[in-house]
Amino acid sequence: MGARILVGAYGPDVLAGDRPLLFWFGLVCCVAAVGAHGLRRGTRSWERLGGLAALGAVMYLPYYLRSPAHALFSDDLYHRQVVQQINELGTTSVHPTLYPIPGEFPGLEQATLALHSLTGLGLGTVERLVPLAAHISMPLVAYVLARGLGLPSRTAFLAALIFVGNKAFFFFHSAFAYETLGMLLVMTTLALVAHAARDRSPLRHYAVPVLVALSATVITHHVSSYLLIVCLTLIAGFAVVTRSQHRRIAVAVPAITVGLAAAWLLLQATTASTYLSTGIHARLTTIVNAITNEGSGTRKLFAHSTLPPSERLLGYVAVLTVLVLCVLGAYAVFRLRHRRRLGPLTYAFLVFGPLLWVASAPLIVTPGAELAYRSWPFLFLGVSVFGAVALRWVEQRIKHHGPVLAHGVMIGVVTLVIAGGVVIGDNEAGRFPRPAETAAGPESVTGDSIAAAQWFERRAGRYNRFVADNGSQLVFATSGFQEALGYGNWLPFVAPSTPKISGRLRDLGVKYVVIDRRVTELPPRYGYYFGQEELYSAGLAFSGRVFPRRLIDRFDDVPTLDRIYDNGNIVIYGPTKAGA
C-alpha cells in the first residue's frame with residue numbers, strides 16, 4: 001500500500017500541492033511496514049532481508065519516476081557517454097568530451113556492458129537496472145556486514161534501516177554513477193573482511209573474494225577506494241594494538257589496496273592523478289577558508305535548495321538525532337567492554353563511523369561541507385552499527401512499558417533518520433516533475449535539449465568545439481558528443497561588441513554556439529549561467545538577475561554565424577556556408 005501511494009505521487013493527474021503529502025505518507029508507510037515486520041522476534045532472517053530489499057527498490061522509484069524518459073543528472077550523462085564509447089570502440093581508452101575522470105574508472109561501464117551482453121537488453125534499460133540492483137543490494141549488504149560484526153539479527157536489521165538514512169542513498173546512489181557501484185563494492189569488501197575475522201573457516205577461503213572486491217573497487221571509483229583504504233587501515237591499526245591473531249593479514253589488506261590504487265593511477269588514470277592533487281589542495285584551502293570565514297563554497301547544507309522550511313527543519317532534526325544515536329551507541333558499547341572483548345573491527349567502526357561523523361557534522365553549515373558530503377555515506381556504515389546498538393539499548397530501558405511502545409520508538413527514530421536523509425540528499429532538479437524553475441542546471445536537461453543535441457550530432461558529426469550555457473554544455477557534450485571547453489565558455493556571450501564576439505570565438509577555436517533561451521527567463525540553478533568563473537569575475541555575476549536577452553540576440557548579427565537550429569528554447573549557431 002505504501003509503495004502504491006508513493007508511486008501515485010508521480011501520477012500525471014495529481015495536483016502539485018498533493019504530491020509531497022502522498023510521497024511522505026507512502027514512504028512512512030513503507031518504512032513502518034518493513035520495520036514492524038522485521039523487528040518481530042519471530043521474523044526469520046530471510047524475511048528481514050526481503051523487507052530490506054523491497055524498501056531499497058521502493059526508494060529507487062522516485063529517481064526513475066522524476067524523469068522516466070531520460071536521465072537528467074550530470075553523473076548519469078557522463079557515464080552513459082562512456083558506456084556508449086566503450087561499446088562502439090571496444091576499448092576502455094575513450095574520450096569523454098566534458099568530464100574526463102569517469103572514463104578512467106570504467107568499472108561501472110564494464111559491469112553494464114557485461115549485463116547488456118548477457119541479457120541482450122538495450123543499454124538504456126541496463127543503465128537503469130544497474131543502479132536499481134545496487135539500491136536493492138546495499139541494505140542487504142549492510143545487514144550482512146552488521147552480522148559479521150557480531151550483531152544479532154534484529155540489531156543488524158536496525159543497522160541496515162539506519163544505513164538507508166544516509167544522505168546519498170535516496171538520490172545520489174540511485175544515479176548511474178560510479179559511486180553507486182563503488183559504495184556497494186566497499187560494503188561488500190568490508191562485509192567479507194568482517195566475516196573472515198569471525199568465521200572458523202581458513203582465511204584463504206576469503207582471499208579470492210576479497211581481492212576481487214578490492215580490485216573492482218579500485219577500477220570503479222577513486223573516492224570509494226580511498227575511503228576503503230582509510231577503513232582498512234584503521235582495522236589493521238587496531239588489530240596490531242589488540243594483538244589480534246590475524247594482525248599480519250589485517251596489515252597486508254590495506255597495503256595491497258594502496259598498491260592497487262597507486263598502480264591504477266600511474267598506469268591507467270593519469271588524468272585523475274592531476275585532477276585529484278588539484279582537488280585535494282582545493283578542499284584543504286576551502287576548509288581553511290571556512291575556519292577563517294573567508295570561504296564561499298556552494299555545497300553547504302540546503303545551499304540553492306528549493307525545499308520548504310518544514311523539510312529543512314526535518315533535515316536538521318535528523319542530523320541531531322543521528323548525533324544522539326552515535327553518542328548513545330558508543331556509550332552502550334563502552335559499557336559492554338567488560339562482558340565482551342571488543343575486536344579490532346568494533347574499534348575501527350567506532351572511528352570510521354560515530355567519531356568521524358560527529359567530528360565532520362559541524363561542516364555541513366560551512367563552505368567546507370564538501371568533506372562531509374563525500375564521506376558521510378561511507379561513515380554511515382559505522383554510524384548505522386552503533387545507532388542500532390543505541391536503539392536496542394533504549395529498547396531494554398523502556399520494554400517494561402510494553403513491546404508496542406518499544407517498537408514504536410525504534411521505528412519512529414529510524415523513520416526520522418531515513419526522512420532526514422531523503423531531505424538532505426534531495427534531487428537537485430526537484431523531487432517531482434514540474435515546469436523548469438531554474439536554468440543552467442539539471443532542470444535544463446529536457447527532451448527538447450536532448451533532441452537538439454542529437455540533431456546536431458547527425459548534422460555536424462562529433463567532437464566539434466562549441467560554447468554554451470552550463471546546462472546546454474552538459475547535454476551537448478554528453479548526449480551530442482561535442483567538445484566542451486575547459487575554460488572561457490562565457491567569454492563570447494559577454495563580449496562588448498559583435499566584432500569582439502567573432503574575435504573571441506576565433507581565439508577559442510570555436511565554430512558553434514549553443515544557447516538555451518531559458519537563461520533569459522529563469523535564475524541560474526547554481527548562481528551562474530556559463531561557469532563558476534562568472535562568480536569571481538568583476539561585472540559578470542548577475543546576482544539573481546536573468547541573463548540579458550540582447551546579449552543572445554547579438555549572435556544573429558555575427559557575420560561568420562548562421563542560426564542553424566531553433567526549437568523555441570534551444571538555439572544553435574554555426575558557421576555560414578561561406579565560412580564553412
# chains A, B, ... in the order shown; residues from 1 in each chain; ligands from 1
call {"tool": "select_by_dssp", "arguments": {"residues": "region 327-546 of chain A", "states": "helix (DSSP H, G or I)", "output": "number ranges by chain"}}
result
A: 327-336, 344-365, 369-401, 403-424, 442-444, 447-460, 470-478, 492-494, 498-508, 517-520, 533-536
call {"tool": "residues_around", "arguments": {"residues": "Ile572 (chain A)", "least_positions_apart": "2", "cutoff": "6 Å", "atoms": "only C-alpha atoms", "output": "ChimeraX atom specification"}}
result
/A:513-514,563-565
call {"tool": "atom_distance", "arguments": {"atom1": "CA of Ala468 (chain A)", "atom2": "CA of Asp516 (chain A)"}}
result
8.0 Å
call {"tool": "closest_atom_pairs", "arguments": {"of": "region 359-436 of chain A", "to": "region 441-464 of chain A", "cutoff": "8 Å", "atoms": "only C-alpha atoms", "output": "JSON lines"}}
result
{"residue": "A:Glu428", "atom": "CA", "partner": "A:Pro442", "partner_atom": "CA", "distance": 6.8}
{"residue": "A:Ala429", "atom": "CA", "partner": "A:Pro442", "partner_atom": "CA", "distance": 5.2}
{"residue": "A:Ala436", "atom": "CA", "partner": "A:Glu443", "partner_atom": "CA", "distance": 5.6}
call {"tool": "residues_around", "arguments": {"residues": "region 375-392 of chain A", "least_positions_apart": "4", "cutoff": "8 Å", "atoms": "only C-alpha atoms", "output": "PyMOL selection string"}}
result
chain A and resi 142+146+155-156+158-163+166-169+183+187+227+322+325-326+328-330+332-333+349-354+356-357+371+396+410
call {"tool": "closest_residue", "arguments": {"among": "A:Asp199, A:Asp566, A:Glu104, A:Asp507", "to": "Tyr178 (chain A)", "atoms": "only C-alpha atoms"}}
result
A:Glu104
call {"tool": "closest_residue", "arguments": {"among": "A:Ala213, A:Leu203, A:Ala3, A:Ile101", "to": "Thr257 (chain A)", "atoms": "only C-alpha atoms"}}
result
A:Ala213
call {"tool": "residues_around", "arguments": {"residues": "region 69-78 of chain A", "least_positions_apart": "6", "cutoff": "7 Å", "atoms": "only C-alpha atoms", "output": "PyMOL selection string"}}
result
chain A and resi 99+102+175-177+442+445+478
call {"tool": "atom_distance", "arguments": {"atom1": "CA of Phe432 (chain A)", "atom2": "CA of Leu181 (chain A)"}}
result
24.9 Å
call {"tool": "atom_distance", "arguments": {"atom1": "CA of Ala261 (chain A)", "atom2": "CA of Tyr226 (chain A)"}}
result
8.0 Å
call {"tool": "closest_residue", "arguments": {"among": "A:Pro309, A:Gly150, A:Gly486, A:Gly42", "to": "Leu98 (chain A)", "atoms": "only C-alpha atoms"}}
result
A:Gly486
